[in-house]
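I have placed the structure first, in the form of structure tokens, so that the comments after it can refer back to it.
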Amino acid sequence: MALATFWFIVTAALWTGFFVLEGFDLGVGMLHTAVARDEAGRRAAINTIGPLWDGNEVWLIVAAAAMFAAFPDWYATMFSGFYPVMILLLVGLIVRGVSFEFRGKADGARWRRTWDTLLTCGSLLVPLLIGIALGDLLHGVPIDQDHEFTGDFGDLFSGYSVFAGITLVLLCLLHGAAFIALKTTGPVRGRASLLARRIAPPTVLAVLAFLPWTHSTAGRGVLPDIIELIAMLAVIAAGWLLLGRHEGWAFVATTVTIATTVLSVFVDLYPRLMVSSTDPAYNLTVQNSASGNYALKVMSVVAIVFLPLVLAYQGWTYHVFRLRVSAEQFGPSGARE
């Protein structure tokens with residue numbers, strides 16, 4: 001049981017890490033046309049995440065792999081029951097990744113507009129659909145005694161799960177706007193800062209509504225726990241710092257906000273993994289869905305050895321590409337993508 005709980009914590013940390021790191025990538029993807037008036041500006045926005053986005057996306061793969069290895073019943077029930085959502089999610093991830101590679105392969109305006117649109121749409125779909133899926137874990141979907149999903153596509157879209165998706169989209173937008181403002185110069189930075197100030201109020205309201213709703217959905221009342229309280233204070237601080245144009249500290253605040261908001265879902269979910277709306281007795285839990293003890297021990301050793309190496313490598317990558325990006329780099333005399 002202790003190892004199963006440890007792997008639940010690891011899985012929650014991986015999903016949280018994905019949204020912290022990939023969250024600003026998704027925000028940049030959604031905002032790259034809004035912060036620029038010309039091709040040089042759009043290229044500058046995209047190149048703030050150019051060396052980072054594919055590494056950040058690995059966290060999603062590792063999170064899904066951890067679910068598969070540590071909690072096979074959870075993985076099987078979720079990925080089979082949420083199959084249509086997962087297909088749409090894969091489409092969003094694919095068109096987003098292809099857009100980064102293809103938009104610079106031709107100089108035609110129509111070609112670039114097409115890939116810009118696909119990049120925006122793909123970046124929007126990812127947090128929306130993952131947010132809906134995470135919301136469904138806590139809100140509950142029809143699951144029978146054999147841990148099989150018995151509902152249909154419409155059962156995946158409750159009011160809470162859709163709002164969870166919208167909240168994560170807004171958080172990614174705010175996170176991305178703060179990142180662009182932190183990583184660019186000139187007009188692109190100015191527009192990103194302006195957009196961040198405009199996005200902040202609805203994001204603050206969404207987070208302040210989502211967290212009590214999450215706690216209530218978990219059956220624990222509406223008063224926030226410590227993690228939810230930190231999320232509330234952090235999102236308010238992010239809005240205030242963005243108004244004061246303190247991009248560095250604002251990005252820290254949005255990082256804390258998105259981390260604690262995602263983490264709060266898992267904290268309120270534990271010890272359940274997936275709630276059954278058919279009968280609470282059919283809930284998937286840490287205890288009834290975990291792999292064998294030997295498998296969890298082997299996974300723990302591998303994680304303890306390799307996770308610090310991955311974190312060190314990714315930290316070095318961020319250090320190397322820490323400088324601001326300017327639109328002037330991508331003008332007629334600048335480097336190509």
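Residues are referred to by chain and number: the chain letter is A, B, ... according to the order shown in the structure tokens, the number counts from 1 in that chain, and ligands are numbered separately from 1 in the order shown.
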What are the nearest atom pairs, with distances in Å to one decimal, for all residues of stretch 35-147 of chain A that come at most 10 Å from stretch 283-292 of chain A, using only C-alpha atoms, set out by chain and rising residue number as CSV?
residue,atom,partner,partner_atom,distance
A:Met67,CA,A:Ala290,CA,9.3
A:Phe68,CA,A:Ser291,CA,9.2
A:Ala69,CA,A:Ser291,CA,7.0
A:Ala70,CA,A:Ser291,CA,5.3
A:Phe71,CA,A:Ala290,CA,4.4
A:Pro72,CA,A:Ser289,CA,6.7
A:Asp73,CA,A:Ser289,CA,5.2
A:Trp74,CA,A:Ser289,CA,6.3
A:Tyr75,CA,A:Ser289,CA,9.2
A:Thr77,CA,A:Leu284,CA,9.0
A:Leu137,CA,A:Leu284,CA,9.7
A:Gly140,CA,A:Asn283,CA,8.8
A:Val141,CA,A:Asn283,CA,9.8
A:Pro142,CA,A:Asn283,CA,9.9
A:Ile143,CA,A:Asn283,CA,7.6
A:Asp144,CA,A:Asn283,CA,8.7
A:Gln145,CA,A:Asn283,CA,8.5
A:Asp146,CA,A:Leu284,CA,10.0
A:His147,CA,A:Leu284,CA,7.1
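For A:Leu31, the non-local neighbours within 10 Å, defined as residues at least 3 positions apart in the same chain or in other chains and counting only C-alpha atoms, are Asp25, Leu26, Gly27, Val28, Ala34, Val35, Ala36, Arg42, Ala45, Ile46, Leu119, Thr120, Ser123, Leu124, Leu173, Leu174, Gly176, Ala177, Ile180, Ala192 and Leu195 of chain A.
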Review point. Using only C-alpha atoms, which of A:Ser80, A:Thr317, A:Ser158, A:Thr257 sits nearest A:Cys172?
Key: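 Residue with the minimum atom-to-atom distance to A:Cys172: A:Thr257.
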Exercise for review: Kindly indicate which residue among A:Ala218, A:Leu205, A:Leu241, A:Leu309 lies nearest to A:Pro271, using only C-alpha atoms for the distances.
Suggested key: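 Comparing A:Ala218, A:Leu205, A:Leu241, A:Leu309 against A:Pro271, the winner is A:Ala218.
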Exercise for review: Could you jot down the atom CA of A:Thr33 to atom CA of A:Val188 separation for me, Å, one decimal place?
Suggested key: 10.1 Å
Exercise for review: Choose the residue, out of A:Thr167, A:Ser276, A:Ser264, A:Thr11, that has the smallest atom-to-atom separation from A:Ala66; count only C-alpha atoms.
Suggested key: A:Thr11
Review point. Any idea what's packed within 6 Å of stretch 222-237 of chain A, counting only C-alpha atoms, ignoring anything in its chain fewer than 6 positions away? Could you give it as a ChimeraX atom specification?
Key: /A:204,212,215-216,253,257,260-261
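Nearest to A:Tyr83 of all the residues A:Ala13, A:Met274, A:Ala109, A:Ala133 is A:Ala133, based on only C-alpha atoms.
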Review point. Restricting the calculation to only C-alpha atoms, which member of A:Phe18, A:Gln314, A:Phe100, A:Pro51 is positioned closest to A:Ala64?
Key: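 Of A:Phe18, A:Gln314, A:Phe100, A:Pro51, the one nearest A:Ala64, counting only C-alpha atoms, is A:Phe18.
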Check your understanding: Using the chain letters and numbers from this document, which residues of stretch 233-335 of chain A does DSSP assign to strand (DSSP E or B), as a PyMOL selection string?
Key -> chain A and resi 272-274+276+284-285+325
How would the residues just chosen look if you wrote them out with N, CA and C atoms as an mmCIF file, in the first residue's frame?
data_model
loop_
_atom_site.group_PDB
_atom_site.id
_atom_site.type_symbol
_atom_site.label_atom_id
_atom_site.label_comp_id
_atom_site.auth_asym_id
_atom_site.auth_seq_id
_atom_site.Cartn_x
_atom_site.Cartn_y
_atom_site.Cartn_z
ATOM 1 N N ARG A 272 -8.945 7.650 -4.018
ATOM 2 C CA ARG A 272 -9.583 7.170 -5.241
ATOM 3 C C ARG A 272 -8.717 7.529 -6.444
ATOM 4 N N LEU A 273 -8.891 6.776 -7.502
ATOM 5 C CA LEU A 273 -8.243 7.088 -8.766
ATOM 6 C C LEU A 273 -9.267 7.522 -9.804
ATOM 7 N N MET A 274 -10.459 6.974 -9.684
ATOM 8 C CA MET A 274 -11.515 7.253 -10.642
ATOM 9 C C MET A 274 -12.834 6.965 -9.955
ATOM 10 N N SER A 276 -16.758 6.238 -9.594
ATOM 11 C CA SER A 276 -17.876 5.655 -10.328
ATOM 12 C C SER A 276 -19.161 6.375 -9.941
ATOM 13 N N LEU A 284 -12.470 3.090 -8.563
ATOM 14 C CA LEU A 284 -11.091 2.621 -8.660
ATOM 15 C C LEU A 284 -10.282 3.360 -7.604
ATOM 16 N N THR A 285 -9.519 2.630 -6.825
ATOM 17 C CA THR A 285 -8.741 3.229 -5.753
ATOM 18 C C THR A 285 -7.273 2.847 -5.878
ATOM 19 N N VAL A 325 14.241 36.778 -26.580
ATOM 20 C CA VAL A 325 14.191 36.671 -28.042
ATOM 21 C C VAL A 325 13.610 37.970 -28.584
#
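When atom CA of A:Trp15 is paired with atom CA of A:Leu60, their separation reads 6.8 Å.
In terms of minimum interatomic distance to A:Ala303, A:Trp7 ranks closest within A:Glu101, A:Arg191, A:Trp7, A:Arg245, counting only C-alpha atoms.
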Point to revise | DSSP helix (DSSP H, G or I) residues within stretch 110-297 of chain A, as a VMD selection string | key: chain A and resid 110 to 139 153 to 156 159 to 183 186 to 217 226 to 243 247 to 269 280 to 282 286 to 289 293 to 297
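With atom CA of A:Leu125 on one side and atom CA of A:Gly55 on the other, the separation reads 19.2 Å.
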Considering only C-alpha atoms, return as a compact mmCIF listing (two decimals) with N, CA, C and O atoms, in the first residue's frame whatever protein or nucleic-acid residues lie within 12 Å of A:His246, sequence-local ones (same chain, fewer than 2 positions apart) excluded.
# COMPACT_ATOMS: atom_id res chain seq x y z
N ALA A 178 2.52 35.48 -19.68
CA ALA A 178 3.59 35.90 -18.76
C ALA A 178 4.95 35.45 -19.28
O ALA A 178 5.95 36.17 -19.17
N PHE A 179 5.00 34.25 -19.87
CA PHE A 179 6.26 33.73 -20.38
C PHE A 179 6.75 34.54 -21.59
O PHE A 179 7.94 34.87 -21.68
N ALA A 181 6.03 37.65 -22.27
CA ALA A 181 6.47 38.95 -21.77
C ALA A 181 7.85 38.86 -21.12
O ALA A 181 8.65 39.79 -21.19
N LEU A 182 8.13 37.71 -20.50
CA LEU A 182 9.42 37.51 -19.83
C LEU A 182 10.54 37.23 -20.82
O LEU A 182 11.70 37.59 -20.58
N SER A 193 2.35 41.55 -22.51
CA SER A 193 2.05 42.12 -21.20
C SER A 193 0.62 42.64 -21.13
O SER A 193 -0.08 42.42 -20.13
N ALA A 196 -1.73 39.66 -21.04
CA ALA A 196 -1.69 39.04 -19.71
C ALA A 196 -2.58 39.79 -18.73
O ALA A 196 -3.30 39.17 -17.94
N ARG A 197 -2.55 41.12 -18.80
CA ARG A 197 -3.38 41.92 -17.89
C ARG A 197 -4.86 41.74 -18.20
O ARG A 197 -5.70 41.81 -17.30
N ALA A 237 -1.98 37.01 -6.66
CA ALA A 237 -0.66 37.64 -6.76
C ALA A 237 -0.22 37.77 -8.21
O ALA A 237 0.36 38.80 -8.60
N ALA A 238 -0.51 36.76 -9.03
CA ALA A 238 -0.14 36.82 -10.45
C ALA A 238 -0.81 37.99 -11.13
O ALA A 238 -0.19 38.74 -11.89
N GLY A 239 -2.12 38.15 -10.87
CA GLY A 239 -2.83 39.28 -11.46
C GLY A 239 -2.28 40.62 -11.02
O GLY A 239 -2.11 41.53 -11.84
N TRP A 240 -1.97 40.74 -9.76
CA TRP A 240 -1.44 41.99 -9.22
C TRP A 240 -0.05 42.29 -9.79
O TRP A 240 0.25 43.43 -10.16
N LEU A 241 0.79 41.26 -9.89
CA LEU A 241 2.14 41.44 -10.42
C LEU A 241 2.12 41.79 -11.91
O LEU A 241 2.94 42.58 -12.38
N LEU A 242 1.19 41.21 -12.64
CA LEU A 242 1.08 41.54 -14.06
C LEU A 242 0.62 42.97 -14.25
O LEU A 242 1.08 43.66 -15.18
N LEU A 243 -0.25 43.44 -13.39
CA LEU A 243 -0.67 44.84 -13.47
C LEU A 243 0.51 45.77 -13.24
O LEU A 243 0.60 46.85 -13.82
N GLY A 244 1.42 45.33 -12.36
CA GLY A 244 2.63 46.13 -12.08
C GLY A 244 3.76 45.87 -13.04
O GLY A 244 4.84 46.43 -12.88
N GLY A 248 8.91 38.70 -14.26
CA GLY A 248 9.60 37.57 -13.64
C GLY A 248 8.82 36.98 -12.48
O GLY A 248 8.55 35.78 -12.44
N TRP A 249 8.43 37.84 -11.53
CA TRP A 249 7.67 37.36 -10.39
C TRP A 249 6.26 36.92 -10.79
O TRP A 249 5.70 35.99 -10.19
N ALA A 250 5.69 37.55 -11.80
CA ALA A 250 4.37 37.12 -12.29
C ALA A 250 4.44 35.70 -12.84
O ALA A 250 3.53 34.89 -12.61
N PHE A 251 5.53 35.39 -13.55
CA PHE A 251 5.68 34.03 -14.08
C PHE A 251 5.84 33.03 -12.94
O PHE A 251 5.32 31.91 -13.01
N VAL A 252 6.56 33.40 -11.90
CA VAL A 252 6.66 32.53 -10.72
C VAL A 252 5.28 32.29 -10.13
O VAL A 252 4.91 31.15 -9.77
N ALA A 253 4.47 33.35 -10.05
CA ALA A 253 3.13 33.22 -9.47
C ALA A 253 2.23 32.34 -10.34
O ALA A 253 1.46 31.53 -9.83
